[in-house]
$ cat work-v5.txt   # compact mmCIF, C-alpha atoms
# COMPACT_ATOMS: atom_id res chain seq x y z
CA ALA A 1 -19.71 -85.50 73.31
CA GLN A 2 -16.51 -84.39 71.57
CA GLN A 3 -18.33 -81.45 70.02
CA CYS A 4 -19.56 -80.37 73.48
CA ARG A 5 -16.04 -80.60 74.89
CA GLU A 6 -14.62 -78.53 72.05
CA LEU A 7 -17.42 -75.96 71.62
CA GLY A 8 -19.10 -76.05 75.03
CA THR A 9 -22.58 -77.33 75.67
CA ARG A 10 -24.63 -74.21 74.94
CA GLY A 11 -26.57 -74.86 71.73
CA THR A 12 -24.78 -78.16 71.06
CA LEU A 13 -26.05 -80.31 73.92
CA GLY A 14 -29.35 -81.11 72.18
CA THR A 15 -27.63 -82.71 69.19
CA ALA A 16 -25.22 -84.62 71.43
CA LEU A 17 -28.07 -85.82 73.66
CA ASN A 18 -30.10 -86.97 70.67
CA THR A 19 -27.12 -88.86 69.21
CA VAL A 20 -26.32 -90.62 72.49
CA LEU A 21 -29.96 -91.57 73.10
CA GLN A 22 -30.41 -92.86 69.53
CA GLN A 23 -27.26 -94.99 69.86
CA SER A 24 -27.78 -96.16 73.45
CA LEU A 25 -31.46 -96.98 73.69
CA PRO A 26 -32.70 -100.21 72.13
CA ASP A 27 -35.33 -99.86 69.41
CA ASN A 28 -37.95 -101.21 71.82
CA ALA A 29 -36.97 -98.95 74.77
CA HIS A 30 -40.48 -97.48 74.84
CA GLU A 31 -42.01 -100.98 75.07
CA ILE A 32 -39.67 -101.94 77.92
CA LEU A 33 -40.62 -98.81 79.88
CA ASN A 34 -44.33 -99.18 79.12
CA LYS A 35 -44.32 -102.72 80.57
CA ARG A 36 -42.58 -101.84 83.85
CA THR A 37 -44.55 -102.56 87.00
CA ALA A 38 -43.16 -99.38 88.56
CA GLU A 39 -43.72 -96.54 86.13
CA CYS A 40 -40.83 -94.53 84.79
CA ARG A 41 -42.04 -90.94 84.47
CA VAL A 42 -40.54 -88.08 82.52
CA ALA A 43 -41.50 -84.49 83.35
CA TYR A 44 -41.49 -81.51 81.04
CA THR A 45 -43.37 -78.23 80.82
CA GLU A 46 -45.74 -77.67 77.90
CA VAL A 47 -45.69 -74.04 76.79
CA THR A 48 -49.07 -72.75 75.58
CA PHE A 49 -50.60 -69.35 74.91
CA GLY A 50 -52.33 -69.69 78.28
CA GLY A 51 -49.10 -70.30 80.19
CA MET A 52 -47.17 -73.34 81.27
CA LYS A 53 -48.66 -76.76 81.90
CA PRO A 54 -46.72 -79.55 83.65
CA GLN A 55 -46.63 -82.87 81.82
CA LEU A 56 -45.73 -86.14 83.49
CA VAL A 57 -45.42 -88.88 80.89
CA SER A 58 -45.23 -92.59 81.69
CA GLN A 59 -46.37 -94.19 78.42
CA PHE A 60 -44.38 -93.75 75.23
CA ASN A 61 -45.56 -94.33 71.65
CA SER A 62 -42.16 -95.12 70.13
CA LYS A 63 -38.45 -94.81 70.72
CA GLU A 64 -38.59 -91.40 69.04
CA ASP A 65 -41.44 -90.30 71.33
CA LEU A 66 -39.39 -91.38 74.37
CA ILE A 67 -36.37 -89.42 73.10
CA ASP A 68 -38.54 -86.36 72.40
CA CYS A 69 -39.92 -86.48 75.96
CA LEU A 70 -36.41 -86.88 77.43
CA ARG A 71 -35.11 -84.00 75.33
CA ALA A 72 -38.06 -81.83 76.44
CA SER A 73 -37.31 -82.68 80.07
CA CYS A 74 -33.76 -81.33 79.58
CA ASN A 75 -34.63 -78.21 77.62
CA ILE A 76 -33.33 -75.16 79.40
CA PRO A 77 -34.59 -72.40 77.05
CA PHE A 78 -32.02 -71.18 74.51
CA TYR A 79 -29.40 -73.46 76.05
CA LEU A 80 -30.12 -76.99 74.81
CA ASN A 81 -30.34 -76.19 71.12
CA GLY A 82 -30.47 -72.40 70.85
CA THR A 83 -34.27 -72.12 70.78
CA PHE A 84 -36.79 -71.38 73.52
CA THR A 85 -38.78 -74.62 73.14
CA VAL A 86 -38.42 -78.07 71.61
CA PRO A 87 -41.22 -79.97 69.87
CA VAL A 88 -42.82 -82.86 71.71
CA ARG A 89 -46.15 -84.60 71.09
CA GLY A 90 -47.47 -81.82 68.87
CA SER A 91 -46.67 -79.13 71.42
CA LYS A 92 -43.73 -76.99 72.46
CA ALA A 93 -41.92 -77.68 75.70
CA ILE A 94 -39.22 -76.63 78.14
CA ASP A 95 -37.61 -78.34 81.12
CA GLY A 96 -39.96 -79.71 83.79
CA VAL A 97 -38.29 -77.56 86.47
CA PHE A 98 -40.39 -74.62 85.29
CA ALA A 99 -43.66 -76.35 86.22
CA THR A 100 -42.74 -77.79 89.60
CA ASP A 101 -42.43 -76.50 93.13
CA PHE A 102 -38.89 -75.15 93.39
CA SER A 103 -38.43 -76.97 96.71
CA ARG A 104 -38.33 -80.11 94.54
CA PHE A 105 -35.97 -78.57 91.95
CA GLY A 106 -37.74 -79.92 88.89
CA CYS A 107 -38.72 -83.26 90.40
CA PRO A 108 -42.53 -83.34 90.18
CA PHE A 109 -44.69 -85.32 92.56
CA THR A 110 -45.17 -88.60 90.77
CA GLY A 111 -48.22 -89.91 92.54
CA ALA A 112 -46.16 -92.72 94.01
CA THR A 113 -47.64 -94.40 97.07
CA ASP A 114 -44.64 -96.43 98.27
CA THR A 115 -41.32 -95.03 97.16
CA GLU A 116 -40.35 -92.01 95.12
CA VAL A 117 -36.87 -91.74 93.63
CA ILE A 118 -35.54 -88.26 92.86
CA VAL A 119 -32.35 -87.86 90.81
CA THR A 120 -30.24 -84.69 90.71
CA PRO A 121 -26.63 -83.90 89.74
CA PHE A 122 -26.49 -81.26 92.50
CA LYS A 123 -26.09 -81.62 96.24
CA THR A 124 -29.52 -81.37 97.82
CA LYS A 125 -28.54 -78.62 100.26
CA ALA A 126 -27.02 -76.51 97.48
CA ILE A 127 -30.28 -76.42 95.50
CA GLY A 128 -32.66 -76.52 98.45
CA LEU A 129 -34.23 -79.81 97.34
CA ASN A 130 -36.69 -80.82 100.00
CA PRO A 131 -39.25 -83.35 98.70
CA MET A 132 -40.97 -83.47 102.10
CA LYS A 133 -42.17 -79.87 101.71
CA VAL A 134 -44.83 -80.70 99.16
CA HIS A 135 -46.33 -83.81 100.74
CA PRO A 136 -48.74 -83.91 103.63
CA LYS A 137 -47.30 -84.92 106.99
CA GLY A 138 -48.11 -88.46 107.94
CA SER A 139 -47.54 -89.77 104.41
CA ASN A 140 -46.04 -93.25 104.28
CA LEU A 141 -44.11 -92.38 101.14
CA VAL A 142 -40.42 -93.24 101.31
CA TYR A 143 -38.07 -90.86 99.50
CA GLU A 144 -34.84 -91.93 97.87
CA VAL A 145 -32.70 -89.10 96.58
CA ILE A 146 -29.83 -89.96 94.27
CA SER A 147 -27.38 -87.08 94.38
CA PRO A 148 -23.69 -86.34 94.93
CA ASP A 149 -24.53 -86.26 98.67
CA LEU A 150 -24.27 -90.05 98.53
CA LEU A 151 -20.64 -89.97 97.42
CA ASP A 152 -17.51 -89.15 99.30
CA ARG A 153 -15.30 -86.28 98.11
CA LYS A 154 -12.94 -88.70 96.36
CA SER A 155 -15.73 -90.24 94.28
CA TRP A 156 -17.36 -86.89 93.47
CA PRO A 157 -14.71 -84.17 93.79
CA PHE A 158 -16.87 -81.43 92.25
CA ARG A 159 -18.55 -78.59 94.10
CA SER A 160 -22.01 -77.45 92.97
CA ARG A 161 -20.53 -74.36 91.32
CA GLU A 162 -18.18 -76.58 89.30
CA VAL A 163 -21.07 -78.84 88.21
CA LEU A 164 -23.01 -75.79 87.05
CA TYR A 165 -19.95 -74.44 85.22
CA MET A 166 -19.45 -77.81 83.47
CA ALA A 167 -23.10 -77.77 82.40
CA LEU A 168 -22.82 -74.28 80.96

$ encode --input "work-v5.txt" --output "structure tokens"
Amino acid sequence: AQQCRELGTRGTLGTALNTVLQQSLPDNAHEILNKRTAECRVAYTEVTFGGMKPQLVSQFNSKEDLIDCLRASCNIPFYLNGTFTVPVRGSKAIDGVFATDFSRFGCPFTGATDTEVIVTPFKTKAIGLNPMKVHPKGSNLVYEVISPDLLDRKSWPFRSREVLYMAL
């Protein structure tokens, strides 16, 4: 984190993310997630010669596999670590936003039947996040969106432009 503060996040965020995940996640994090009743899904975009293929992963082979999938889900090309793709599961990948409907801003449909939780660091109006756009009307699915919209200005004093600037 110190390196990102001193040098910026472009090209250094991948190393910082890997370090934090290695230190923070327990060795059996993949087993904990694999046993959950409600699946925890990670989205990334597999890059192939034929184009881009969305991947939605809910089972992890090891802690390292979980970290690889998380890193792939954060990979904005050339930004995360200075390369276009990152390796994951024998393939090359970029952020899941590139394989989803932009009205969901990188949050793929999970196949949930009860509740779907969408997490974003941006205000939903600023990015045009509208999960209802990609589901048929009459669906009983309940949407929970975790975003700065839930906080008052004192708790989250940043505007979307500032959040984007901090990320870059």

$ residues_around --input "work-v5.txt" --residues "Val47 of chain A" --least-positions-apart "2" --cutoff "10 Å" --atoms "only C-alpha atoms" --output "PyMOL selection string"
chain A and resi 44-45+49-54+84-86+91-94+99

$ closest_residue --input "work-v5.txt" --among "A:Thr115, A:Ser62, A:Gln55, A:Thr9" --to "Leu25 of chain A" --atoms "all atoms listed in the file"
A:Ser62

$ closest_residue --input "work-v5.txt" --among "A:Glu144, A:Lys123, A:Asn75, A:Leu13" --to "Phe158 of chain A" --atoms "all atoms listed in the file"
A:Lys123

$ closest_residue --input "work-v5.txt" --among "A:Gly111, A:Thr120, A:Glu162, A:Arg10" --to "Pro148 of chain A" --atoms "only C-alpha atoms"
A:Thr120

$ atom_distance --input "work-v5.txt" --atom1 "atom CA of Val117 of chain A" --atom2 "atom CA of Tyr79 of chain A"
26.4 Å

$ closest_residue --input "work-v5.txt" --among "A:Ala112, A:Ile118, A:Leu80, A:Ala126" --to "Gly14 of chain A" --atoms "only C-alpha atoms"
A:Leu80

$ closest_residue --input "work-v5.txt" --among "A:Leu21, A:Ala16, A:Ile146, A:Leu70" --to "Val42 of chain A" --atoms "all atoms listed in the file"
A:Leu70

$ atom_distance --input "work-v5.txt" --atom1 "atom CA of Ser58 of chain A" --atom2 "atom CA of Thr124 of chain A"
25.2 Å

$ atom_distance --input "work-v5.txt" --atom1 "atom CA of Ala43 of chain A" --atom2 "atom CA of Ala72 of chain A"
8.2 Å

$ residues_around --input "work-v5.txt" --residues "Gln22 of chain A" --least-positions-apart "4" --cutoff "10 Å" --atoms "all atoms listed in the file" --output "PDB file with C-alpha atoms, in the frame of the given file"
ATOM      1  CA  ALA A  16     -25.220 -84.620  71.430  1.00  0.00           C
ATOM      2  CA  LEU A  17     -28.070 -85.820  73.660  1.00  0.00           C
ATOM      3  CA  ASN A  18     -30.100 -86.970  70.670  1.00  0.00           C
ATOM      4  CA  PRO A  26     -32.700-100.210  72.130  1.00  0.00           C
ATOM      5  CA  ASP A  27     -35.330 -99.860  69.410  1.00  0.00           C
ATOM      6  CA  LYS A  63     -38.450 -94.810  70.720  1.00  0.00           C
ATOM      7  CA  GLU A  64     -38.590 -91.400  69.040  1.00  0.00           C
ATOM      8  CA  ILE A  67     -36.370 -89.420  73.100  1.00  0.00           C
TER       9      ILE A  67
END
